[in-house]
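J.: Next comes the structure file my_file-v7.txt, holding compact mmCIF, C-alpha atoms.
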```
# COMPACT_ATOMS: atom_id res chain seq x y z
CA MET R 14 -33.88 55.53 -42.30
CA LYS R 15 -35.25 54.71 -38.87
CA THR R 16 -36.47 51.36 -40.15
CA LEU R 17 -33.04 50.66 -41.65
CA LEU R 18 -31.32 51.56 -38.37
CA LEU R 19 -33.61 49.20 -36.46
CA THR R 20 -32.79 46.52 -38.98
CA PHE R 21 -29.11 46.74 -37.95
CA ILE R 22 -29.61 47.36 -34.22
CA LEU R 23 -32.01 44.47 -33.50
CA PRO R 24 -29.66 41.68 -34.73
CA ILE R 25 -26.75 43.26 -32.88
CA THR R 26 -28.82 43.47 -29.68
CA PHE R 27 -29.89 39.86 -30.09
CA LEU R 28 -26.28 38.80 -30.71
CA LEU R 29 -25.06 40.62 -27.61
CA ALA R 30 -27.80 39.02 -25.49
CA THR R 31 -26.92 35.58 -26.85
CA THR R 32 -23.21 36.16 -26.16
CA ALA R 33 -24.00 37.34 -22.63
CA ASP R 34 -26.05 34.17 -22.05
CA GLU R 35 -23.16 32.05 -23.33
CA ILE R 36 -20.72 33.84 -21.02
CA ARG R 37 -23.02 33.40 -18.02
CA LYS R 38 -23.43 29.74 -18.91
CA SER R 39 -19.65 29.38 -19.30
CA GLN R 40 -19.06 31.16 -16.00
CA LYS R 41 -21.41 28.75 -14.24
CA GLN R 42 -19.59 25.78 -15.80
CA LEU R 43 -16.26 27.28 -14.77
CA GLN R 44 -17.48 27.69 -11.20
CA GLN R 45 -18.72 24.12 -10.89
CA THR R 46 -15.83 22.55 -12.81
CA THR R 47 -13.03 24.17 -10.83
CA ALA R 48 -14.63 23.31 -7.49
CA ALA R 49 -15.19 19.72 -8.56
CA GLN R 50 -11.61 19.58 -9.81
CA GLN R 51 -10.31 20.70 -6.42
CA LYS R 52 -12.42 18.10 -4.62
CA ALA R 53 -11.34 15.38 -7.04
CA SER R 54 -7.70 16.40 -6.60
CA LYS R 55 -7.94 15.90 -2.83
CA GLN R 56 -9.73 12.59 -3.32
CA LEU R 57 -7.02 11.47 -5.74
CA GLU R 58 -4.31 12.30 -3.22
CA THR R 59 -6.06 10.07 -0.68
CA ILE R 60 -6.55 7.22 -3.15
CA VAL R 61 -2.93 7.43 -4.35
CA ALA R 62 -1.78 7.23 -0.72
CA ASN R 63 -4.06 4.20 -0.19
CA ILE R 64 -2.76 2.46 -3.32
CA LYS R 65 0.89 3.06 -2.41
CA ASN R 66 0.20 1.92 1.15
CA GLY R 67 -1.55 -1.16 -0.23
CA GLU R 68 1.39 -1.98 -2.51
CA LYS R 69 3.81 -1.60 0.42
CA GLU R 70 1.62 -3.78 2.65
CA ILE R 71 1.36 -6.46 -0.04
CA ALA R 72 5.15 -6.36 -0.59
CA ALA R 73 5.70 -6.71 3.18
CA LEU R 74 3.20 -9.58 3.35
CA GLU R 75 4.85 -11.30 0.39
CA ALA R 76 8.26 -11.04 2.09
CA ASN R 77 6.77 -12.42 5.30
CA ILE R 78 4.95 -15.18 3.42
CA ASP R 79 8.20 -16.11 1.60
CA LYS R 80 9.98 -16.34 4.96
CA LEU R 81 7.18 -18.36 6.56
CA THR R 82 6.92 -20.62 3.50
CA SER R 83 10.66 -21.32 3.64
CA GLU R 84 10.52 -22.03 7.37
CA TYR R 85 7.43 -24.18 6.96
CA ALA R 86 9.06 -26.17 4.12
CA GLN R 87 12.02 -26.94 6.41
CA MET R 88 9.69 -27.84 9.25
CA GLU R 89 7.61 -30.11 7.02
CA LYS R 90 10.76 -32.16 6.35
CA GLN R 91 11.40 -32.35 10.10
CA GLN R 92 7.79 -33.21 10.82
CA VAL R 93 7.91 -36.74 9.36
CA ALA R 94 11.14 -37.52 11.21
CA LEU R 95 9.78 -36.02 14.42
CA GLU R 96 6.52 -37.94 14.22
CA LYS R 97 8.50 -41.15 13.70
CA GLU R 98 10.82 -40.20 16.54
CA VAL R 99 7.83 -39.52 18.78
CA GLU R 100 6.39 -42.94 17.97
CA GLN R 101 9.75 -44.65 18.61
CA ALA R 102 10.23 -42.68 21.83
CA GLN R 103 6.80 -43.71 23.08
CA GLN R 104 7.52 -47.38 22.22
CA LEU R 105 10.95 -47.20 23.88
CA ILE R 106 9.45 -45.60 26.99
CA GLN R 107 6.91 -48.41 27.22
CA LYS R 108 9.61 -51.07 26.65
CA THR R 109 11.89 -49.34 29.15
CA ALA R 110 9.11 -49.21 31.71
CA ILE R 111 8.49 -52.98 31.34
CA GLU R 112 12.21 -53.79 31.49
CA LEU R 113 12.65 -51.50 34.46
CA GLU R 114 9.80 -53.16 36.27
CA GLU R 115 11.24 -56.63 35.55
CA LYS R 116 14.72 -55.65 36.75
CA GLN R 117 13.33 -54.00 39.85
CA SER R 118 11.40 -57.23 40.63
CA ARG R 119 14.49 -59.32 39.97
CA PHE R 120 16.58 -57.03 42.15
CA ILE R 121 14.12 -57.35 45.00
CA SER R 122 13.98 -61.15 44.52
CA LEU R 123 17.79 -61.50 44.53
CA PHE R 124 18.14 -59.21 47.47
CA SER R 125 15.53 -61.21 49.41
CA GLU R 126 17.19 -64.46 48.46
CA GLN R 127 20.61 -63.24 49.57
CA PHE R 128 19.21 -61.90 52.80
CA SER R 129 17.44 -65.22 53.49
CA MET R 130 20.54 -67.35 52.83
CA GLY R 131 22.70 -65.16 55.02
CA LEU R 132 20.20 -65.35 57.80
CA ALA R 133 20.02 -69.19 57.50
CA LEU R 134 23.78 -69.57 57.69
CA GLU R 135 23.98 -67.36 60.74
CA GLN R 136 21.51 -69.63 62.54
CA THR R 137 23.50 -72.86 61.81
CA GLY R 138 25.02 -74.43 64.98
CA GLU R 139 28.14 -76.62 64.92
CA PRO R 140 29.86 -76.54 61.55
CA THR R 141 29.59 -79.64 59.47
CA PHE R 142 31.10 -80.55 56.15
CA ALA R 143 27.85 -79.69 54.46
CA SER R 144 27.52 -76.39 56.28
CA VAL R 145 31.12 -75.44 55.48
CA VAL R 146 30.54 -76.25 51.81
CA SER R 147 27.25 -74.35 51.87
CA LYS R 148 28.94 -71.37 53.46
CA GLU R 149 31.68 -71.38 50.84
CA VAL R 150 29.13 -71.70 48.07
CA TYR R 151 27.12 -68.89 49.67
CA GLU R 152 30.18 -66.61 49.76
CA GLN R 153 30.78 -67.19 46.07
CA TYR R 154 27.09 -66.75 45.33
CA LYS R 155 27.05 -63.61 47.45
CA ILE R 156 29.87 -62.15 45.36
CA TYR R 157 28.09 -63.05 42.15
CA ASN R 158 24.74 -61.92 43.49
CA THR R 159 26.17 -58.60 44.67
CA LYS R 160 27.69 -58.08 41.27
CA MET R 161 24.33 -58.81 39.64
CA LEU R 162 22.55 -56.52 42.09
CA ASN R 163 24.99 -53.71 41.32
CA GLN R 164 24.55 -54.30 37.57
CA LEU R 165 20.78 -54.28 37.94
CA SER R 166 21.00 -51.11 39.99
CA ASP R 167 23.13 -49.44 37.28
CA ASP R 168 20.74 -50.70 34.56
CA ILE R 169 17.77 -49.32 36.49
CA LEU R 170 19.45 -45.91 36.88
CA GLU R 171 20.38 -45.85 33.18
CA LEU R 172 16.87 -46.85 32.14
CA GLU R 173 15.36 -44.17 34.38
CA LYS R 174 17.75 -41.63 32.86
CA THR R 175 16.89 -42.80 29.32
CA GLN R 176 13.21 -42.66 30.13
CA LYS R 177 13.55 -39.14 31.50
CA GLN R 178 15.50 -37.99 28.40
CA LYS R 179 12.99 -39.60 26.08
CA ASP R 180 10.20 -37.83 27.97
CA ILE R 181 12.06 -34.56 27.35
CA ASP R 182 12.67 -35.44 23.68
CA LEU R 183 9.03 -36.35 23.27
CA ALA R 184 7.90 -33.09 24.87
CA ASN R 185 10.29 -31.11 22.62
CA ALA R 186 9.15 -32.97 19.53
CA LYS R 187 5.50 -32.30 20.39
CA LYS R 188 6.32 -28.62 21.00
CA THR R 189 8.08 -28.40 17.63
CA LEU R 190 5.08 -30.00 15.95
CA GLU R 191 2.84 -27.44 17.68
CA ASN R 192 5.11 -24.67 16.34
CA ILE R 193 4.82 -26.15 12.86
CA ALA R 194 1.03 -26.13 13.18
CA GLN R 195 1.13 -22.52 14.40
CA LYS R 196 3.43 -21.52 11.52
CA LYS R 197 1.00 -23.14 9.12
CA GLU R 198 -1.94 -21.25 10.64
CA LEU R 199 0.05 -18.00 10.52
CA LEU R 200 1.00 -18.67 6.91
CA ILE R 201 -2.63 -19.31 5.97
CA ALA R 202 -3.66 -16.11 7.82
CA GLN R 203 -0.94 -14.08 6.06
CA LYS R 204 -2.02 -15.42 2.67
CA LYS R 205 -5.63 -14.55 3.44
CA LYS R 206 -4.58 -11.07 4.56
CA LYS R 207 -2.63 -10.64 1.32
CA GLU R 208 -5.69 -11.68 -0.70
CA GLN R 209 -7.75 -9.09 1.22
CA TRP R 210 -5.16 -6.38 0.54
CA ILE R 211 -5.05 -7.30 -3.15
CA ALA R 212 -8.84 -7.09 -3.30
CA LYS R 213 -8.70 -3.69 -1.58
CA LEU R 214 -5.91 -2.58 -3.92
CA ASN R 215 -8.01 -3.58 -6.92
CA GLN R 216 -10.93 -1.58 -5.51
CA ASP R 217 -8.71 1.45 -4.88
CA GLU R 218 -7.24 1.22 -8.37
CA ALA R 219 -10.72 0.97 -9.91
CA ARG R 220 -11.79 3.99 -7.85
CA TYR R 221 -8.61 5.83 -8.87
CA GLN R 222 -9.38 5.17 -12.53
CA ARG R 223 -12.94 6.51 -12.09
CA GLU R 224 -11.62 9.61 -10.31
CA LEU R 225 -8.98 10.18 -13.02
CA LYS R 226 -11.66 9.92 -15.67
CA GLU R 227 -13.84 12.37 -13.76
CA VAL R 228 -10.93 14.79 -13.33
CA ALA R 229 -10.15 14.52 -17.05
CA ASN R 230 -13.79 15.22 -17.91
CA LYS R 231 -13.88 18.20 -15.56
CA GLN R 232 -10.63 19.54 -17.01
CA ASN R 233 -12.09 19.22 -20.49
CA GLU R 234 -15.16 21.15 -19.36
CA LEU R 235 -12.96 23.81 -17.77
CA ARG R 236 -10.91 24.17 -20.96
CA SER R 237 -14.12 24.39 -23.01
CA THR R 238 -15.37 27.10 -20.68
CA LEU R 239 -12.11 29.04 -20.95
CA ALA R 240 -12.28 28.64 -24.72
CA LYS R 241 -15.81 30.08 -24.77
CA LEU R 242 -14.57 33.04 -22.75
CA ASN R 243 -11.74 33.39 -25.30
CA ILE R 244 -9.17 32.83 -22.54
CA ILE R 245 -7.61 29.86 -24.38
CA GLN R 246 -7.90 28.70 -28.00
CA ALA R 247 -10.61 26.21 -28.92
CA LYS R 248 -8.01 24.19 -30.87
CA GLU R 249 -5.92 23.82 -27.70
CA ALA R 250 -8.96 22.63 -25.74
CA GLN R 251 -9.80 20.05 -28.43
CA GLU R 252 -6.21 18.76 -28.56
CA ALA R 253 -6.12 18.46 -24.75
CA LYS R 254 -9.38 16.50 -24.89
CA ARG R 255 -7.86 14.10 -27.44
CA ARG R 256 -4.78 13.60 -25.25
CA ALA R 257 -6.93 12.99 -22.18
CA LYS R 258 -8.87 10.29 -24.04
CA ALA R 259 -5.63 8.57 -25.10
CA GLN R 260 -4.38 8.72 -21.53
CA GLN R 261 -7.58 7.10 -20.25
CA GLU R 262 -7.19 4.25 -22.74
CA ALA R 263 -3.56 3.80 -21.70
CA ILE R 264 -4.54 3.76 -18.03
CA LYS R 265 -7.05 0.95 -18.70
CA GLU R 266 -4.34 -1.11 -20.42
CA GLU R 267 -1.84 -0.39 -17.68
CA ALA R 268 -4.34 -1.37 -14.96
CA LEU R 269 -4.98 -4.70 -16.70
CA ARG R 270 -1.20 -5.23 -17.03
CA LYS R 271 -0.71 -4.66 -13.30
CA LYS R 272 -3.42 -7.21 -12.49
CA ARG R 273 -1.83 -9.68 -14.89
CA LEU R 274 1.58 -9.02 -13.34
CA ARG R 275 0.28 -9.83 -9.85
CA ALA R 276 -1.14 -13.12 -11.16
CA GLN R 277 2.16 -13.98 -12.87
CA GLN R 278 4.13 -13.12 -9.73
CA ALA R 279 1.86 -15.40 -7.66
CA ALA R 280 2.40 -18.23 -10.18
CA ALA R 281 6.17 -17.62 -10.05
CA LYS R 282 6.11 -17.88 -6.25
CA LYS R 283 4.36 -21.25 -6.48
CA GLN R 284 6.93 -22.41 -9.03
CA GLU R 285 9.75 -21.34 -6.69
CA GLN R 286 8.19 -23.31 -3.83
CA ALA R 287 7.74 -26.40 -6.02
CA THR R 288 11.19 -26.38 -7.64
CA GLY R 289 13.25 -24.49 -5.08
CA LYS R 290 14.66 -22.36 -7.90
CA LYS R 291 14.45 -18.56 -7.81
CA VAL R 292 12.42 -16.94 -10.61
CA ASP R 293 13.61 -13.60 -12.00
CA LEU R 294 10.41 -11.54 -11.73
CA SER R 295 11.79 -8.90 -14.11
CA THR R 296 11.55 -11.45 -16.94
CA LEU R 297 7.79 -11.87 -16.54
CA GLU R 298 5.82 -10.80 -19.61
CA ALA R 299 3.63 -8.35 -17.65
CA SER R 300 6.60 -6.64 -15.97
CA ILE R 301 7.03 -4.38 -19.04
CA PRO R 302 4.71 -1.31 -19.28
CA SER R 303 2.04 -1.53 -21.98
CA GLN R 304 2.87 -0.45 -25.52
CA ARG R 305 0.24 2.30 -25.39
CA VAL R 306 1.86 3.85 -22.30
CA ARG R 307 5.26 3.81 -23.99
CA GLN R 308 3.77 5.40 -27.11
CA ILE R 309 2.03 8.16 -25.13
CA ASN R 310 5.14 8.94 -23.10
CA SER R 311 7.48 8.85 -26.11
CA SER R 312 5.20 11.06 -28.26
CA TYR R 313 4.14 13.31 -25.39
CA GLN R 314 4.07 17.00 -26.24
CA PRO R 315 3.45 19.58 -23.49
CA HIS R 316 0.63 22.11 -23.74
CA SER R 317 1.11 25.36 -25.55
CA VAL R 318 2.83 27.49 -22.93
CA TYR R 319 3.52 31.20 -23.05
CA ASN R 320 7.14 31.84 -22.10
CA TYR R 321 6.52 34.71 -19.74
CA ARG R 322 9.57 36.98 -19.36
CA GLY R 323 7.99 39.97 -17.65
CA PRO R 324 8.57 41.20 -14.10
CA LYS R 325 7.47 39.01 -11.24
CA THR R 326 4.55 40.05 -9.11
CA ILE R 327 3.27 39.27 -5.62
CA SER R 328 2.05 35.88 -4.48
CA PRO R 329 -1.74 35.60 -4.09
CA ILE R 330 -1.09 34.31 -0.54
CA LYS R 331 1.64 35.82 1.58
CA GLY R 332 4.01 33.13 2.89
CA ALA R 333 2.36 30.36 0.82
CA LYS R 334 4.16 27.15 -0.08
CA VAL R 335 3.95 25.45 -3.49
CA VAL R 336 2.64 21.90 -3.05
CA LYS R 337 1.81 21.12 -6.69
CA ARG R 338 3.74 22.55 -9.62
CA PHE R 339 2.86 23.58 -13.14
CA GLY R 340 3.83 21.55 -16.19
CA THR R 341 4.55 17.98 -17.17
CA GLN R 342 4.19 15.45 -14.39
CA GLU R 343 4.04 11.68 -14.17
CA ASP R 344 1.00 9.89 -12.82
CA PRO R 345 2.18 8.25 -9.54
CA ILE R 346 0.37 4.96 -10.18
CA TYR R 347 0.48 4.30 -13.94
CA ARG R 348 3.59 6.38 -14.83
CA ILE R 349 1.82 8.26 -17.62
CA LYS R 350 2.90 11.80 -18.43
CA VAL R 351 0.22 14.41 -17.75
CA PHE R 352 0.15 18.19 -17.86
CA ASN R 353 -0.86 20.31 -14.87
CA GLU R 354 -2.12 23.72 -15.96
CA SER R 355 -2.05 25.34 -12.51
CA ILE R 356 -0.13 25.40 -9.26
CA THR R 357 -1.48 24.59 -5.81
CA LEU R 358 -0.47 26.82 -2.93
CA GLN R 359 -0.60 25.77 0.71
CA ALA R 360 -1.66 28.69 2.92
CA PRO R 361 0.50 29.29 6.04
CA ASN R 362 -2.60 29.57 8.20
CA ARG R 363 -6.34 28.98 8.13
CA ASP R 364 -8.52 31.71 6.55
CA ALA R 365 -5.55 33.31 4.79
CA ASN R 366 -6.23 36.30 2.55
CA VAL R 367 -6.04 35.77 -1.21
CA ALA R 368 -5.06 38.85 -3.21
CA SER R 369 -5.14 39.76 -6.88
CA VAL R 370 -1.60 39.52 -8.24
CA LEU R 371 -2.08 42.36 -10.78
CA ASN R 372 -4.38 45.27 -11.58
CA GLY R 373 -7.39 44.08 -13.51
CA LYS R 374 -11.10 43.61 -13.98
CA VAL R 375 -13.13 40.80 -12.38
CA VAL R 376 -14.82 38.80 -15.14
CA PHE R 377 -16.21 36.10 -12.86
CA ALA R 378 -16.86 35.71 -9.15
CA GLY R 379 -19.08 32.85 -8.07
CA ASP R 380 -20.09 30.41 -5.38
CA SER R 381 -19.98 26.65 -5.97
CA SER R 382 -22.41 24.20 -4.43
CA MET R 383 -19.57 21.68 -4.03
CA LEU R 384 -16.32 23.13 -2.70
CA GLY R 385 -14.78 25.93 -4.65
CA LYS R 386 -15.53 29.59 -4.80
CA VAL R 387 -13.87 30.99 -7.92
CA VAL R 388 -12.65 34.40 -9.06
CA VAL R 389 -11.34 35.10 -12.56
CA VAL R 390 -9.58 38.42 -13.26
CA ALA R 391 -8.70 39.87 -16.67
CA HIS R 392 -5.50 41.96 -16.91
CA ASP R 393 -3.81 44.13 -19.51
CA GLY R 394 -2.08 42.37 -22.36
CA ASN R 395 -4.79 39.68 -22.69
CA MET R 396 -3.72 38.02 -19.44
CA HIS R 397 -6.10 36.21 -17.06
CA THR R 398 -5.64 34.79 -13.56
CA VAL R 399 -7.88 32.19 -11.90
CA TYR R 400 -8.24 31.80 -8.10
CA ALA R 401 -10.05 28.54 -7.27
CA GLY R 402 -10.86 26.77 -4.02
CA LEU R 403 -11.66 29.94 -2.07
CA SER R 404 -13.58 29.53 1.17
CA LYS R 405 -14.91 33.11 0.96
CA ILE R 406 -15.18 35.76 -1.74
CA ALA R 407 -14.83 39.39 -0.65
CA PRO R 408 -18.22 41.22 -0.75
CA THR R 409 -16.86 43.88 -3.12
CA ILE R 410 -15.62 41.31 -5.66
CA GLN R 411 -18.23 41.11 -8.40
CA ALA R 412 -18.10 40.71 -12.17
CA GLY R 413 -17.17 44.06 -13.69
CA ALA R 414 -15.34 45.38 -10.61
CA ARG R 415 -11.94 46.92 -11.24
CA ILE R 416 -9.31 46.02 -8.67
CA ARG R 417 -5.68 46.81 -8.06
CA GLN R 418 -2.73 44.58 -7.28
CA GLY R 419 -2.90 43.32 -3.70
CA TYR R 420 -6.66 43.77 -3.41
CA VAL R 421 -8.16 40.93 -1.37
CA VAL R 422 -10.46 38.83 -3.55
CA GLY R 423 -11.28 36.31 -0.80
CA LYS R 424 -9.99 33.84 1.75
CA VAL R 425 -8.82 30.22 1.62
CA LYS R 426 -8.92 27.61 4.40
CA SER R 427 -6.04 25.47 3.22
CA ARG R 428 -5.10 25.30 -0.45
CA LEU R 429 -5.53 27.61 -3.43
CA ILE R 430 -5.47 26.53 -7.06
CA PHE R 431 -3.92 29.35 -9.10
CA GLU R 432 -3.86 29.46 -12.89
CA ALA R 433 -2.66 32.11 -15.35
CA THR R 434 -2.97 32.54 -19.13
CA LYS R 435 -1.74 35.00 -21.73
CA ASP R 436 -2.71 35.19 -25.39
CA SER R 437 -4.69 31.94 -25.03
CA LYS R 438 -1.65 30.10 -23.66
CA TYR R 439 -0.91 28.89 -20.16
CA ILE R 440 1.76 30.61 -18.08
CA ASP R 441 3.90 28.85 -15.51
CA PRO R 442 2.69 30.75 -12.43
CA LEU R 443 6.14 30.43 -10.83
CA LYS R 444 7.54 32.66 -13.62
CA LEU R 445 4.89 35.23 -12.83
CA LEU R 446 4.84 35.09 -9.02
CA ARG R 447 7.35 35.65 -6.26
CA VAL R 448 6.53 32.64 -4.05
```
Spit out the file's structure as structure tokens when you get a sec.

T.:
Amino acid sequence: MKTLLLTFILPITFLLATTADEIRKSQKQLQQTTAAQQKASKQLETIVANIKNGEKEIAALEANIDKLTSEYAQMEKQQVALEKEVEQAQQLIQKTAIELEEKQSRFISLFSEQFSMGLALEQTGEPTFASVVSKEVYEQYKIYNTKMLNQLSDDILELEKTQKQKDIDLANAKKTLENIAQKKELLIAQKKKKEQWIAKLNQDEARYQRELKEVANKQNELRSTLAKLNIIQAKEAQEAKRRAKAQQEAIKEEALRKKRLRAQQAAAKKQEQATGKKVDLSTLEASIPSQRVRQINSSYQPHSVYNYRGPKTISPIKGAKVVKRFGTQEDPIYRIKVFNESITLQAPNRDANVASVLNGKVVFAGDSSMLGKVVVVAHDGNMHTVYAGLSKIAPTIQAGARIRQGYVVGKVKSRLIFEATKDSKYIDPLKLLRV
């Protein structure tokens, strides 16, 4: 009988030990996964902000480049005429200078001649027929000569005025040409800056894709861990993993489409500059989201959610603000529908207390080497709550400890990730909590 009893007890003992090892292993995975998920979430927020900033900067640069290109095209047309005008102005200034010099010499010569003749006539003694005739001729010549001198004087003033205006025109033309050269340099600099921003945007998008993949992998691990702890169904975890894989493939296609779209937009801009005709960018082949994205979004089914109708309970953080909601959301970069299984609460102050929202039993309390400290509490009715991203765990919170509603499980520096499940299904925490 004793031997028979041992025969039954030993396998049961071994099974319990194996199960305990699996739970400890799952708890460790849960601890590491949730912390990594929190860190990745913060990193994603930064990358998304960088990508959106990059897209805005590129759009602003493109608008500026379009404006500069238009101005430069107009100036290029003026440039040929201006350069010709500068050449003609320089030739006219030289010709005017020669003509002015000749007329000034002639003026001086005529003036000297008139002065000499007048002086000679004044020195003549008794009038003679010849002297009378000479004087009469001189008077007529004087009238003519004076008229010529006045004309020369007017011509000289007009030439000086023309020369001065041409000097001004030449200076203005040279200044305009300098502006054209500066516009060209600015345009080249703006295009180079745009290329740098596009390169940075490509890097940010590649990094974003890596982070999304990492987050998806961590979420899959977390779901697997919860499935091993019988908190969610294994079938649900497998289905979520399949959806995550499809989303990753769609993201790759969408990223390639966005790159192709930028190339097509650049080609369209060149075509506009060459033909002067506006291209409707919405007609570009790459302007339409990829077929895979459309399929995922059209066939998207949300996770299995428990429609909680019970009474609401306290918030884990008094005065907290919801900064990320539960449920279906759209990826801000690739517009793919995703499901968020938790909510993120912003604490009103640093080192805020985090309390259990219901009576229950702590099934996990651990420290992560990365960021998060995690507490998981089991409640009546097969309900579980997860508190992730804690900065401190209360000393009395250990696996197996029974706690009441409002009991402080730890502290949080900034944000808390809160998740709830019932009967292996996720609960919208905002239906459970008074936040």

J.: Give the answer as one residue: which of R:Leu199, R:Ile111, R:Ile211, R:Ala229 has the shortest atom-to-atom distance to R:Gln260, using all atoms listed in the file?

T.: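 Of R:Leu199, R:Ile111, R:Ile211, R:Ala229, the one nearest R:Gln260, counting all atoms listed in the file, is R:Ala229.
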
J.: Using only C-alpha atoms, can you tell me which of R:Gln176, R:Asn77, R:Asn320, R:Gln87 comes closest to R:Glu112?

T.: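 Selected residue with least distance to R:Glu112: R:Gln176.
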
J.: Which residue is closest to R:Lys188? Choose from R:Glu96, R:Met396, R:Leu200, R:Lys80 and count all atoms listed in the file.

T.: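 For R:Lys188, the nearest of the candidates is R:Glu96.
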
J.: Grab the atom CA of R:Lys265 to atom CA of R:Gly340 distance for me, in Å with one decimal place.

T.: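 So the answer is 23.4 Å.
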
J.: Could you pull the residues within 9 Å of R:Glu432, counting all atoms listed in the file, minus those fewer than 2 positions along the same chain, as a list in words?

T.: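 The residues satisfying every condition are Phe339, Glu354, Ser355, Ile356, Thr357, His397, Thr398, Val399, Tyr400, Ala401, Ile430, Thr434, Tyr439, Ile440, Asp441 and Pro442 of chain R.
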
J.: Please identify all polymer residues within 12 Å of R:Arg305, counting only C-alpha atoms, omitting same-chain residues fewer than 5 positions from it, and present them as a list of chain:residue names.

T.: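 Final neighbour list, sorted by chain and number: R:Ala259, R:Gln260, R:Gln261, R:Glu262, R:Ala263, R:Ile264, R:Lys265, R:Glu266, R:Glu267, R:Ala268, R:Arg270, R:Asn310, R:Ser311, R:Ser312, R:Tyr313, R:Tyr347, R:Arg348, R:Ile349.
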
J.: Keeping C-alpha atoms for every residue in the selection just given, could you write it to a file as an mmCIF file, keeping the file's coordinate frame?

T.:
```cif
data_model
loop_
_atom_site.group_PDB
_atom_site.id
_atom_site.type_symbol
_atom_site.label_atom_id
_atom_site.label_comp_id
_atom_site.auth_asym_id
_atom_site.auth_seq_id
_atom_site.Cartn_x
_atom_site.Cartn_y
_atom_site.Cartn_z
ATOM 1 C CA ALA R 259 -5.630 8.570 -25.100
ATOM 2 C CA GLN R 260 -4.380 8.720 -21.530
ATOM 3 C CA GLN R 261 -7.580 7.100 -20.250
ATOM 4 C CA GLU R 262 -7.190 4.250 -22.740
ATOM 5 C CA ALA R 263 -3.560 3.800 -21.700
ATOM 6 C CA ILE R 264 -4.540 3.760 -18.030
ATOM 7 C CA LYS R 265 -7.050 0.950 -18.700
ATOM 8 C CA GLU R 266 -4.340 -1.110 -20.420
ATOM 9 C CA GLU R 267 -1.840 -0.390 -17.680
ATOM 10 C CA ALA R 268 -4.340 -1.370 -14.960
ATOM 11 C CA ARG R 270 -1.200 -5.230 -17.030
ATOM 12 C CA ASN R 310 5.140 8.940 -23.100
ATOM 13 C CA SER R 311 7.480 8.850 -26.110
ATOM 14 C CA SER R 312 5.200 11.060 -28.260
ATOM 15 C CA TYR R 313 4.140 13.310 -25.390
ATOM 16 C CA TYR R 347 0.480 4.300 -13.940
ATOM 17 C CA ARG R 348 3.590 6.380 -14.830
ATOM 18 C CA ILE R 349 1.820 8.260 -17.620
#
```

J.: Work out how far apart atom CA of R:Ala253 and atom CA of R:Leu446 are and give it in Å to one decimal.

T.: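 Computed distance, atom CA of R:Ala253 to atom CA of R:Leu446, equals 25.4 Å.
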
J.: Taking all atoms listed in the file into account, which of R:Val421, R:Ala62, R:Val351, R:Ala279 comes nearest R:Glu75?

T.: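 So, comparing all the options, the nearest one is R:Ala279.
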
J.: Which of these, R:Gln195, R:Arg236, R:Ala407, R:Leu105, has the shortest distance to R:Leu183 once you count all atoms listed in the file?

T.: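 Smallest separation from R:Leu183 among the options: R:Leu105.
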
J.: Skip R:Ile327 itself and residues of its chain fewer than 2 positions away, then list as an NGL selection string all residues within 10 Å of it, counting all atoms listed in the file.

T.: :R and (325 or 329-331 or 368-371 or 418-419 or 445-448)

J.: Can I get the selected residues back with C-alpha atoms, as a PDB file, keeping the file's coordinate frame?

T.:
```pdb
ATOM      1  CA  LYS R 325       7.470  39.010 -11.240  1.00  0.00           C
ATOM      2  CA  PRO R 329      -1.740  35.600  -4.090  1.00  0.00           C
ATOM      3  CA  ILE R 330      -1.090  34.310  -0.540  1.00  0.00           C
ATOM      4  CA  LYS R 331       1.640  35.820   1.580  1.00  0.00           C
ATOM      5  CA  ALA R 368      -5.060  38.850  -3.210  1.00  0.00           C
ATOM      6  CA  SER R 369      -5.140  39.760  -6.880  1.00  0.00           C
ATOM      7  CA  VAL R 370      -1.600  39.520  -8.240  1.00  0.00           C
ATOM      8  CA  LEU R 371      -2.080  42.360 -10.780  1.00  0.00           C
ATOM      9  CA  GLN R 418      -2.730  44.580  -7.280  1.00  0.00           C
ATOM     10  CA  GLY R 419      -2.900  43.320  -3.700  1.00  0.00           C
ATOM     11  CA  LEU R 445       4.890  35.230 -12.830  1.00  0.00           C
ATOM     12  CA  LEU R 446       4.840  35.090  -9.020  1.00  0.00           C
ATOM     13  CA  ARG R 447       7.350  35.650  -6.260  1.00  0.00           C
ATOM     14  CA  VAL R 448       6.530  32.640  -4.050  1.00  0.00           C
TER      15      VAL R 448
END
```

J.: Which is closest to R:Gly323 among R:Leu443, R:Leu214, R:Ala72, R:Ile301, if we use all atoms listed in the file?

T.: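 Under the stated criterion, the closest residue is R:Leu443.
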
J.: In Å, rounded to a single decimal, give me how far atom CA of R:Arg417 is from atom CA of R:Ala391.

T.: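 Distance reported for this atom pair: 11.5 Å.
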
J.: Tell me, as a list in words, which residues lie within 12 Å of R:Asp180, counting all atoms listed in the file; anything in the same chain fewer than 4 positions away does not count.

T.: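 Once the adjacent positions are removed, what remains is Glu98, Val99, Glu100, Gln101, Ala102, Gln103, Gln104, Leu105, Ile106, Gln107, Thr109, Leu172, Glu173, Lys174, Thr175, Gln176, Ala184, Asn185, Ala186 and Lys187 of chain R.
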
J.: For R:Asp364, list every protein, DNA or RNA residue within 9 Å, evaluated using only C-alpha atoms, and leave out those in the same chain fewer than 2 positions away; present the list as a PyMOL selection string.

T.: chain R and resi 360+362+366+404-405+424-427

J.: Can you sort out the box for stretch 366-376 of chain R, edges along x, y and z, all listed atoms in, 6 Å on every side, with centre and edge lengths in Å to one decimal, as JSON?

T.:
```
{"center_x": -8.2, "center_y": 40.5, "center_z": -6.3, "size_x": 25.2, "size_y": 21.5, "size_z": 29.7}
```
